[in-house]
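Trainee: Mind having a look at this structure? Questions to follow.
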Protein chains: 6
Amino acid sequence: MPKVITGTPRTPLEIVDGLAELGVATVHEAQGRIGLLDHRLRPIFPAKIAGNALTATVAPGDNWTIHVAVEQAQQGDILVVTPTSPCDDGYVGDLLADSLMAHGVRGLIIDAGVRDVATLTEMGFPVWPKVIASQGTVKATVGDVQVPIVIANQYVRPGDVIVADVDGVVVVRREDAASVLEKAREREANETAKRTRLQAGELGLDIYKMREALAAKGLVYEPYQGD
Amino acid sequence: MPKVITGTPRTPLEIVDGLAELGVATVHEAQGRIGLLDHRLRPIFPAKIAGNALTATVAPGDNWTIHVAVEQAQQGDILVVTPTSPCDDGYVGDLLADSLMAHGVRGLIIDAGVRDVATLTEMGFPVWPKVIASQGTVKATVGDVQVPIVIANQYVRPGDVIVADVDGVVVVRREDAASVLEKAREREANETAKRTRLQAGELGLDIYKMREALAAKGLVYEPYQGD
Amino acid sequence: MPKVITGTPRTPLEIVDGLAELGVATVHEAQGRIGLLDHRLRPIFPAKIAGNALTATVAPGDNWTIHVAVEQAQQGDILVVTPTSPCDDGYVGDLLADSLMAHGVRGLIIDAGVRDVATLTEMGFPVWPKVIASQGTVKATVGDVQVPIVIANQYVRPGDVIVADVDGVVVVRREDAASVLEKAREREANETAKRTRLQAGELGLDIYKMREALAAKGLVYEPYQGD
Amino acid sequence: MPKVITGTPRTPLEIVDGLAELGVATVHEAQGRIGLLDHRLRPIFPAKIAGNALTATVAPGDNWTIHVAVEQAQQGDILVVTPTSPCDDGYVGDLLADSLMAHGVRGLIIDAGVRDVATLTEMGFPVWPKVIASQGTVKATVGDVQVPIVIANQYVRPGDVIVADVDGVVVVRREDAASVLEKAREREANETAKRTRLQAGELGLDIYKMREALAAKGLVYEPYQGD
Amino acid sequence: MPKVITGTPRTPLEIVDGLAELGVATVHEAQGRIGLLDHRLRPIFPAKIAGNALTATVAPGDNWTIHVAVEQAQQGDILVVTPTSPCDDGYVGDLLADSLMAHGVRGLIIDAGVRDVATLTEMGFPVWPKVIASQGTVKATVGDVQVPIVIANQYVRPGDVIVADVDGVVVVRREDAASVLEKAREREANETAKRTRLQAGELGLDIYKMREALAAKGLVYEPYQGD
Amino acid sequence: MPKVITGTPRTPLEIVDGLAELGVATVHEAQGRIGLLDHRLRPIFPAKIAGNALTATVAPGDNWTIHVAVEQAQQGDILVVTPTSPCDDGYVGDLLADSLMAHGVRGLIIDAGVRDVATLTEMGFPVWPKVIASQGTVKATVGDVQVPIVIANQYVRPGDVIVADVDGVVVVRREDAASVLEKAREREANETAKRTRLQAGELGLDIYKMREALAAKGLVYEPYQGD
């Protein structure tokens with residue numbers, strides 16, 4: 001039986017917005033290099049957002065469930081859609097994007113296709129699809145909304161935080177969001193200091209004190225004798 | 001025996017140009033969601049064109065036939081090239097593009113590679129290739145020109161209309177072009193009205209009166225009880 | 001045993017810079033259509049560079065060796081990195097890019113992933129990766145630096161010339177670099193003359209005197225009789 | 001509007017059966033190296049069959065149309081199924097195979113998935129699918145039966161001959177079937193003679209008199225001087 | 001911090017063994033067409049097993065964690081391994097298979113590579129890998145054992161039931177295993193009855209009473225008028 | 001200019017045959033986990049061979065060079081063929097296989113397609129192709145024979161040893177062949193001893209004394225508290 005779960009938890013937007021500023025690469029490292037969605041999801045234009053996951057499953061070639069999902073949207077959500085078997089059809093176009101924006105949705109993560117990308121770009125509605133494809137869909141089978149899903153190798157629950165930018169898409173569990181934000185900020189501060197040293201020509205070998213460990217691994221330096 | 005078919009029919013350019021304005025997604029829906037070429041064909045820069053299909057088959061790694069095709073070109077054509085077995089070589093570069101433009105060709109759809117894309121972009125010659133690749137080709141085997149071909153999952157005949165934009169590429173049969181244009185214009189008018197309602201926050205569930213059908217499918221709403 | 005070869009030869013930068021101007025497609029044709037890396041390597045932003053190959057192998061999911069490579073860099077190098085088994089992790093981000101730039105490296109060719117692409121774009125550090133991916137790496141296994149490697153179907157030795165632009169990446173053997181530069185310049189001059197004729201509408205069939213050879217291959221012209 | 005075309009032509013079974021004996025590689029060469037379906041279609045067990053194409057299109061994830069197709073089957077048909085957009089679901093299992101066999105269908109060519117392959121193998125019902133996959137399908141959208149389709153890069157009409165074996169799948173146009181059968185038999189006779197000579201150690205270079213043409217292409221023989 | 005969770009629940013083996021008999025396709029349908037792992041996982045030889053999931057994550061190119069997992073094995077387990085980023089290396093060979101068999105493990109599901117397949121086949125140790133690959137691994141990074149994982153598009157927890165056969169791999173949640181077994185048995189009984197009718201030539205159109213619904217969808221039958 | 005290098009070195013057959021017995025996985029490990037060709041090359045039937053590499057490059061869709069290569073064959077060679085750009089055509093069928101066998105060639109490694117696989121299997125001529133495909137080739141362009149090539153990610157020179165079995169294909173440099181054989185034999189002896197202990201239920205954790213190193217990496221054991 002298809003179902004919509006109502007009253008699901010969400011992560012406070014001040015935490016969500018903090019994560020958006022830091023971006024995918026930093027957040028991903030800060031939480032221990034986990035949670036990255038497969039890199040096949042790419043943005044249709046450069047953008048950097050975060051939001052609460054509003055999840056949905058869809059049948060192959062059928063976007064009916066997305067209409068159901070719109071009604072569940074809240075300000076600051078990101079719609080996260082996975083087909084029940086792999087499909088490259090264009091599930092979302094400008095009309096659904098209008099509807100999603102009108103209901104406060106900040107963007108769309110979809111392991112399938114999107115269409116009308118010229119219009120979506122003008123509208124400033126960012127999408128991270130697997131492909132750009134116009135192939136239409138029908139409205140005959142209903143999926144689930146606001147249930148835990150697997151998308152692009154990650155497990156995402158309603159209200160987990162999605163961070164998405166040019167580097168890709170990462171999910172942060174809602175119970176970890178606050179602590180990940182803190183660690184990510186520390187990490188960024190730390191990186192700024194390191195970048196200055198590296199830009200000045202200091203070697204990572206010295207900054208990170210790697211020379212001894214490399215020698216222990218047996219690394220040798222040999223003069224060139226032809227190849 | 002390789003052959004060139006001469007005197008093939010073409011679709012009138014006023015119909016072709018009308019279809020160009022409407023774009024791939026609208027035309028594709030208007031003709032009943034058929035005719036879309038596989039989404040692996042992507043534009044090298046954003047463009048929106050339509051034209052009469054000037055078809056050619058090429059041997060793998062051999063672009064000789066394209067020189068034969070140029071002579072058959074007429075104002076308003078789009079060259080549509082398919083290899084006889086899958087090949088990613090760069091069949092067309094700036095020289096062939098010069099020649100094609102000089103003969104009125106509006107763009108190139110090719111289920112293979114293209115090269116010199118920086119120059120092609122400066123020239124404003126749009127191409128929808130499978131890949132960008134410099135790998136050269138030879139001139140030893142001749143294919144056919146202006147015969148029906150299969151390209152990227154679609155059957156295309158000379159003079160069928162090709163519409164191509166950022167969303168992909170669609171073919172409209174020449175005998176259907178006038179009626180598809182009409183339906184596409186109706187569809188677009190209809191969509192504009194719907195977009196206004198959706199932007200105002202009305203739900204697709206209500207506009208399309210989906211609630212009863214969804215209930216009939218067994219869709220239920222359940223309160224969250226943890227995940 | 002992992003090793004670093006020191007004192008490897010390099011191609012003089014005046015030759016390297018000459019090849020950069022001509023670009024991938026011309027250089028590739030000029031050296032007899034060889035040396036092209038697989039087209040899966042694509043630039044993260046439009047750029048056109050050449051440099052001496054600074055080669056490195058890395059273990060899957062492990063970027064330790066890249067820190068070792070930085071120390072071997074010289075002005076005008078391009079870092080060329082291949083994993084010992086296919087891997088899409090993001091081996092290089094903004095910190096390593098800072099370090100590479102500080103040591104004179106002009107860009108990165110990597111048959112794997114890169115991250116922080118928004119920052120790399122701002123910095124003007126060009127990369128030709130297989131994918132954009134944030135997935136982090138560890139520092140536990142050491143590879144080789146400045147040894148001959150196979151990357152994306154080509155054999156590349158330290159000091160071979162890498163030319164990279166929007167069309168892809170080509171390698172020129174260091175002993176061939178001077179003669180390839182000469183041939184590429186001739187080719188370009190020759191192409192300019194041909195482009196003028198083609199832009200004026202002359203046919204390749206006539207310029208290249210193909211009609212007789214095509215007839216010998218059996219090419220026939222037949223009037224359209226329906227399809 | 002979905003449709004079933006009735007009364008479509010078929011190729012006489014004595015021609016069909018003759019083509020089955022010769023196999024895919026010989027038939028494909030005999031008709032001028034055309035008509036081969038993409039090699040992604042592979043047999044689930046070694047088999048060698050031919051039959052009249054009984055064509056059907058299916059929506060992604062929806063096998064309803066196949067039930068419609070069964071009723072149109074005649075003795076000696078092969079069911080040929082293409083999804084309207086790429087889909088890897090398992091459209092056919094043991095029940096549909098029972099039904100197809102009961103109606104004289106010799107096998108299934110499908111550019112999608114099949115399941116229950118252990119049972120199909122026991123039953124001796126050969127299938128050339130894209131993948132083996134259990135993912136189920138729904139029955140909500142109807143496609144067309146006995147219309148021309150594009151499948152795996154080829155255009156197939158009802159009653160065209162399908163030949164399938166371990167090498168893959170080839171289509172022969174029904175109007176060409178008799179003449180292709182004749183040419184294929186000649187080719188096979190010719191090949192047997194050549195095989196005897198080649199098995200005895202004669203070189204293709206001599207049998208096909210290639211040496212002069214190779215020299216004309218500039219082929220040179222050079223002694224080894226190290227690599 | 002890498003971790004091993006001890007004392008995880010398991011599904012009783014009488015339920016597990018019941019599911020093994022029914023096979024993947026039937027179990028998958030019986031639980032509402034969910035839980036199927038991506039079809040890229042294929043058996044190295046025909047086999048039909050079920051077991052309790054013993055889960056592990058591994059770093060790319062690093063099989064150290066599998067040694068840790070062996071110690072946690074119990075009679076009737078199936079080892080289920082997912083890399084933290086996609087990797088095709090050969091994580092398991094005959095030695096680890098010896099060890100797994102000695103500890104009661106019935107087979108291996110791995111979204112990566114396996115090697116020594118000739119020996120594994122002789123031993124009768126079934127594996128469903130993504131690829132067959134000899135590329136070795138290191139032992140430098142530790143993953144987790146007996147934690148919930150995502151593998152090939154599915155979420156699998158320790159003690160969930162894995163069913164695997166020639167059709168692929170399906171996961172059944174441990175809390176659903178008993179009821180799924182019951183439904184799958186009913187389904188199988190029902191299918192046997194239907195198969196008899198279909199083998200006798202009755203049409204699915206009639207057995208499932210589809211004719212009215214098809215007409216309602218607009219399906220029409222038209223006589224052939226050429227193609 | 002295409003060329004054939006004559007008088008290239010070969011590895012003595014007693015070394016070659018010794019490597020064949022040990023198989024790909026053992027040889028690959030023994031030489032330090034290098035030299036493995038990409039796993040996309042798979043055997044058309046189970047076989048285990050080794051031989052001296054007889055190398056050739058071919059143009060896409062053109063098998064002319066293979067006829068040239070046959071003349072260069074010696075007893076105990078394996079033909080190793082790489083296309084100059086990726087191509088899936090069926091370059092070799094039963095006739096060329098007859099010719100190759102008659103000249104002492106033990107098998108074929110080809111990063112492209114092969115056809116007539118039923119006949120090749122009856123003949124006992126093993127092939128490791130990328131795909132099985134009947135698509136024919138022409139004879140218009142000549143490549144090189146007995147030059148160093150890159151195939152499936154590896155650099156192979158004439159006379160390097162190719163070992164191929166169900167696990168894949170590995171290349172051993174001819175200058176390393178004798179020492180690799182020795183190391184591989186030691187490795188195998190060592191493995192036999194370890195297999196006995198593992199079959200008896202001893203843990204790798206103990207045999208390889210891993211517990212301390214794992215603890216140093218921070219591995220912890222935690223009791224299950226739900227998931």
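Starting from 1 in every chain, residues are counted up; chains themselves are A, B, ... following the order of the structure tokens, and ligands are numbered from 1 as listed.
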I'd like the contact shell of Ala213 in chain A - 12 Å cut-off, only C-alpha atoms, skipping same-chain residues fewer than 6 positions apart - returned as number ranges by chain.

Mentor: A: 205-206, 219; C: 64, 68, 139-142

Trainee: Next, dump the selected residues to file, keeping only C-alpha atoms, as a PDB file, in the first residue's frame.

Mentor:
ATOM      1  CA  LEU A 205      55.332  16.454   3.290  1.00  0.00           C
ATOM      2  CA  ASP A 206      56.579  18.877   5.941  1.00  0.00           C
ATOM      3  CA  LEU A 219      59.638   4.783  -0.361  1.00  0.00           C
TER       4      LEU A 219
ATOM      5  CA  TRP C  64      49.255  10.102  -0.281  1.00  0.00           C
ATOM      6  CA  VAL C  68      55.246  13.194  -2.644  1.00  0.00           C
ATOM      7  CA  LYS C 139      46.937   8.263   3.281  1.00  0.00           C
ATOM      8  CA  ALA C 140      48.024   4.655   3.864  1.00  0.00           C
ATOM      9  CA  THR C 141      49.618   3.328   0.672  1.00  0.00           C
ATOM     10  CA  VAL C 142      52.370   4.904  -1.429  1.00  0.00           C
TER      11      VAL C 142
END

Trainee: What's the 9 Å shell around Ile151 in chain A, counting only C-alpha atoms, without same-chain residues fewer than 4 positions away, as a list of chain:residue names?

Mentor: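 My reading of the contact set: A:Leu37, A:Asp38, A:Val80, A:Val81, A:Thr82, A:Pro83, A:Ile110, A:Asp111, A:Tyr155, A:Val156, E:Asn153.
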
Trainee: What are the residues of chain D that have an atom within 9 Å of an atom of chain A, counting only C-alpha atoms, as a ChimeraX atom specification?

Mentor: /D:59-62,84-89,135,138,140-141

Trainee: Apply DSSP to the structure's backbone, then extract all residues of range 11-195 of chain B labelled helix (DSSP H, G or I) and return them as a VMD selection string.

Mentor: chain B and resid 13 to 22 24 to 30 64 to 71 94 to 102 117 to 123 174 to 195

Trainee: Write out as a list in words each polymer residue whose atoms come within 9 Å of Val127 in chain E, counting only C-alpha atoms; drop sequence neighbours fewer than 4 positions from it.

Mentor: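 Surrounding residues, per the criterion: Arg42, Pro43, Ile44, Phe45, Ala47, Gly107, Leu108, Ile109, Ile110, Val114, Val117 and Leu120 of chain E.
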
Trainee: Please provide as a ChimeraX atom specification all residues within 12 Å of Pro46 in chain A, with the sequence filter that same-chain residues fewer than 2 positions apart are discarded (counting only C-alpha atoms).

Mentor: /A:42-44,48-49,121,124-128,164-168 /C:117-118,121

Trainee: Now that the selection is made, can you save its residues with N, CA, C and O atoms as a compact mmCIF listing (two decimals), in the first residue's frame?

Mentor:
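The result, written out as result_2.txt:
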# COMPACT_ATOMS: atom_id res chain seq x y z
N ARG A 42 24.45 15.36 -10.88
CA ARG A 42 25.20 16.59 -11.18
C ARG A 42 24.23 17.77 -11.29
O ARG A 42 23.11 17.61 -11.78
N PRO A 43 24.65 18.97 -10.87
CA PRO A 43 23.76 20.14 -10.93
C PRO A 43 23.53 20.60 -12.37
O PRO A 43 24.44 20.56 -13.18
N ILE A 44 22.30 21.10 -12.65
CA ILE A 44 22.04 21.63 -14.00
C ILE A 44 22.60 23.03 -14.17
O ILE A 44 22.78 23.51 -15.28
N LYS A 48 24.48 26.21 -4.63
CA LYS A 48 24.97 25.72 -3.33
C LYS A 48 23.84 25.89 -2.34
O LYS A 48 23.55 27.01 -1.92
N ILE A 49 23.20 24.79 -1.98
CA ILE A 49 22.03 24.86 -1.11
C ILE A 49 22.08 23.76 -0.05
O ILE A 49 22.83 22.80 -0.17
N THR A 121 16.65 26.94 -15.20
CA THR A 121 17.81 27.78 -14.96
C THR A 121 17.40 29.25 -14.82
O THR A 121 17.84 29.95 -13.90
N GLY A 124 15.91 29.83 -11.58
CA GLY A 124 16.79 29.65 -10.44
C GLY A 124 16.38 28.50 -9.55
O GLY A 124 16.58 28.52 -8.33
N PHE A 125 15.78 27.47 -10.13
CA PHE A 125 15.42 26.29 -9.35
C PHE A 125 16.46 25.20 -9.60
O PHE A 125 16.48 24.56 -10.65
N PRO A 126 17.36 24.96 -8.63
CA PRO A 126 18.47 24.04 -8.87
C PRO A 126 18.03 22.58 -8.78
O PRO A 126 17.24 22.21 -7.90
N VAL A 127 18.57 21.76 -9.67
CA VAL A 127 18.28 20.32 -9.68
C VAL A 127 19.58 19.56 -9.86
O VAL A 127 20.45 19.98 -10.63
N TRP A 128 19.71 18.47 -9.12
CA TRP A 128 20.83 17.54 -9.26
C TRP A 128 20.26 16.21 -9.80
O TRP A 128 19.97 15.30 -9.02
N ALA A 164 24.02 20.36 -1.10
CA ALA A 164 24.31 20.11 -2.51
C ALA A 164 24.99 21.32 -3.12
O ALA A 164 24.58 22.45 -2.88
N ASP A 165 26.06 21.05 -3.86
CA ASP A 165 26.71 22.15 -4.58
C ASP A 165 27.39 21.58 -5.83
O ASP A 165 27.03 20.48 -6.27
N VAL A 166 28.35 22.33 -6.38
CA VAL A 166 28.97 21.88 -7.63
C VAL A 166 29.73 20.57 -7.45
O VAL A 166 29.96 19.82 -8.40
N ASP A 167 30.14 20.28 -6.22
CA ASP A 167 30.88 19.05 -5.96
C ASP A 167 30.00 17.81 -5.85
O ASP A 167 30.50 16.69 -5.86
N GLY A 168 28.70 17.99 -5.66
CA GLY A 168 27.81 16.84 -5.54
C GLY A 168 26.79 17.03 -4.44
O GLY A 168 26.36 18.15 -4.17
N VAL C 117 35.51 22.03 -6.91
CA VAL C 117 35.68 22.58 -8.27
C VAL C 117 35.29 24.05 -8.36
O VAL C 117 35.81 24.77 -9.21
N ALA C 118 34.39 24.50 -7.49
CA ALA C 118 34.07 25.93 -7.51
C ALA C 118 35.32 26.73 -7.15
O ALA C 118 35.67 27.71 -7.82
N THR C 121 38.02 26.58 -9.84
CA THR C 121 37.67 27.45 -10.97
C THR C 121 38.03 28.90 -10.66
O THR C 121 38.62 29.60 -11.49

Trainee: Quick one: distance from CA of Leu100 in chain F to CA of Ile207 in chain D in Å, one decimal?

Mentor: 14.5 Å

Trainee: What lies within 10 Å of Asp176 in chain A using only C-alpha atoms, ignoring chain neighbours under 2 positions off, as JSON, numbers by chain?

Mentor: {"A": [11, 31, 160, 161, 172, 173, 174, 178, 179, 180, 181]}

Trainee: May I have the residues from that selection written out with C-alpha atoms, as a tab-separated table (two decimals), in the first residue's frame?

Mentor:
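Below you can see result-v1.tsv, which holds the result:
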chain	number	residue	atom	x	y	z
A	11	THR	CA	16.28	19.82	11.24
A	31	GLN	CA	31.39	13.92	9.35
A	160	ASP	CA	17.91	14.48	7.26
A	161	VAL	CA	19.89	17.42	5.88
A	172	VAL	CA	23.76	14.50	7.13
A	173	ARG	CA	21.64	12.54	9.61
A	174	ARG	CA	19.34	14.91	11.45
A	178	ALA	CA	24.43	20.18	14.89
A	179	SER	CA	27.68	18.44	15.74
A	180	VAL	CA	28.65	18.10	12.08
A	181	LEU	CA	28.09	21.83	11.62

Trainee: Using only C-alpha atoms, determine which residues lie at most 10 Å from Val70 in chain F, disregarding the query and same-chain residues fewer than 3 positions distant; provide the list as a list of chain:residue names.

Mentor: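 These residues fall inside the cut-off: D:Gly201, D:Leu203, D:Gly204, D:Leu205, F:Leu54, F:Thr65, F:Ile66, F:His67, F:Ala73, F:Gln74, F:Leu79, F:Leu96, F:Ala97, F:Ser99, F:Leu100, F:Met101, F:Ala102, F:His103, F:Gly104, F:Val105, F:Val145.
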
Trainee: Among the residues of range 48-183 of chain B, find those DSSP assigns to strand (DSSP E or B) from the backbone and print them as a PyMOL selection string.

Mentor: chain B and resi 49-58+62+77-83+87+90-92+108-114+127-132+138+145+149-151+154-156+161-165+168-172

Trainee: CA of Glu29 in chain D and CA of Leu13 in chain D, how far apart in Å?

Mentor: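 Rounded to one decimal, the two atoms are 21.3 Å apart.
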
Trainee: Please, what distance in Å, to one decimal, runs between CA of Gln72 in chain F and CA of Tyr221 in chain D?

Mentor: 10.8 Å
